[in-house]
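Presented below is the structure to which this report refers.
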Amino acid sequence: MKQYQEEGGPATRIENLAGSAKDYAEMRIDAFKLRLTEKLSILFSRIIFSLIILILLGIACAFLASALSLYIGDLIGSKAAGSLITASLFILLAIIAYLMKKKFLLDSMVRLFVSIIFDNENEEEKS
């Protein structure tokens, strides 16, 4: 940041004021860029972490579904029927998830974005 002299006539003072205003505006822009970068980094890291967890849970569910269909197939004597019963359970879960999407997905995503964007601003206001 440049140091402006206080001495001089009105023209010098106006130039100093204009220079200070320009420096202030540049610093505010830089601060905004840093906050935006921080918030986007947090957002993308949470998205990537969530995707990794979802992929691992999907793999686990696939193995559990396979084991469940084999178990049910052994109990009723038909592996095809066991697979159909397991598929029916997953279809039922998918319908329930679709019906509850607003409560579980949309509202939680909005809360997540609001917490990421506004948490640091509240902390800055307190200090």
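In the structure tokens, chains take the letters A, B, ... in the order shown, each chain's residues start at 1, and ligands count up from 1 in the order shown.
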Write out as a CSV table (one decimal) with N, CA and C atoms, in the first residue's frame each polymer residue whose atoms come within 8 Å of stretch 65-71 of chain A, counting only C-alpha atoms; drop sequence neighbours fewer than 2 positions from it.
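The resulting selection_20.csv:
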chain,number,residue,atom,x,y,z
A,61,CYS,N,-23.3,-51.8,-0.1
A,61,CYS,CA,-24.7,-52.2,-0.3
A,61,CYS,C,-24.9,-53.2,-1.4
A,62,ALA,N,-24.0,-53.2,-2.4
A,62,ALA,CA,-24.1,-54.2,-3.5
A,62,ALA,C,-23.7,-55.5,-2.9
A,63,PHE,N,-22.7,-55.6,-2.1
A,63,PHE,CA,-22.3,-56.9,-1.5
A,63,PHE,C,-23.4,-57.4,-0.5
A,73,GLY,N,-32.8,-66.6,-1.0
A,73,GLY,CA,-33.0,-67.7,-2.0
A,73,GLY,C,-32.8,-69.1,-1.3
A,74,ASP,N,-31.8,-69.2,-0.4
A,74,ASP,CA,-31.6,-70.5,0.3
A,74,ASP,C,-32.8,-70.8,1.2
A,75,LEU,N,-33.4,-69.8,1.8
A,75,LEU,CA,-34.5,-70.0,2.8
A,75,LEU,C,-35.7,-70.4,2.0
A,79,LYS,N,-33.2,-69.1,-5.8
A,79,LYS,CA,-32.3,-68.0,-5.8
A,79,LYS,C,-32.9,-66.8,-6.6
A,82,GLY,N,-35.3,-65.1,-4.4
A,82,GLY,CA,-34.5,-64.3,-3.4
A,82,GLY,C,-34.0,-63.0,-4.0
A,83,SER,N,-33.6,-63.0,-5.3
A,83,SER,CA,-33.1,-61.8,-6.0
A,83,SER,C,-34.3,-60.9,-6.2
A,84,LEU,N,-35.4,-61.4,-6.6
A,84,LEU,CA,-36.6,-60.5,-6.8
A,84,LEU,C,-37.1,-59.9,-5.5
A,85,ILE,N,-37.0,-60.6,-4.4
A,85,ILE,CA,-37.4,-60.0,-3.1
A,85,ILE,C,-36.5,-58.9,-2.7
A,86,THR,N,-35.2,-59.2,-2.9
A,86,THR,CA,-34.2,-58.1,-2.6
A,86,THR,C,-34.3,-56.9,-3.5
As a CSV table (one decimal) with N, CA and C atoms, in the first residue's frame, please: the residues near A:Ile117 (cut-off 7 Å, only C-alpha atoms, same-chain neighbours under 3 positions excluded).
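Heads up, here's the output in part.csv:
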chain,number,residue,atom,x,y,z
A,39,LYS,N,-14.1,-20.5,0.6
A,39,LYS,CA,-15.4,-21.1,0.6
A,39,LYS,C,-15.6,-22.1,-0.5
A,113,PHE,N,-24.9,-25.3,2.4
A,113,PHE,CA,-24.4,-24.1,1.6
A,113,PHE,C,-24.5,-22.9,2.5
A,114,VAL,N,-25.5,-22.7,3.2
A,114,VAL,CA,-25.7,-21.5,4.1
A,114,VAL,C,-24.6,-21.6,5.2
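Between A:Ser115 and the candidates A:Ile42, A:Ile91, A:Ala31, A:Leu17, the tightest atom-to-atom separation, counting only C-alpha atoms, involves A:Ile42.
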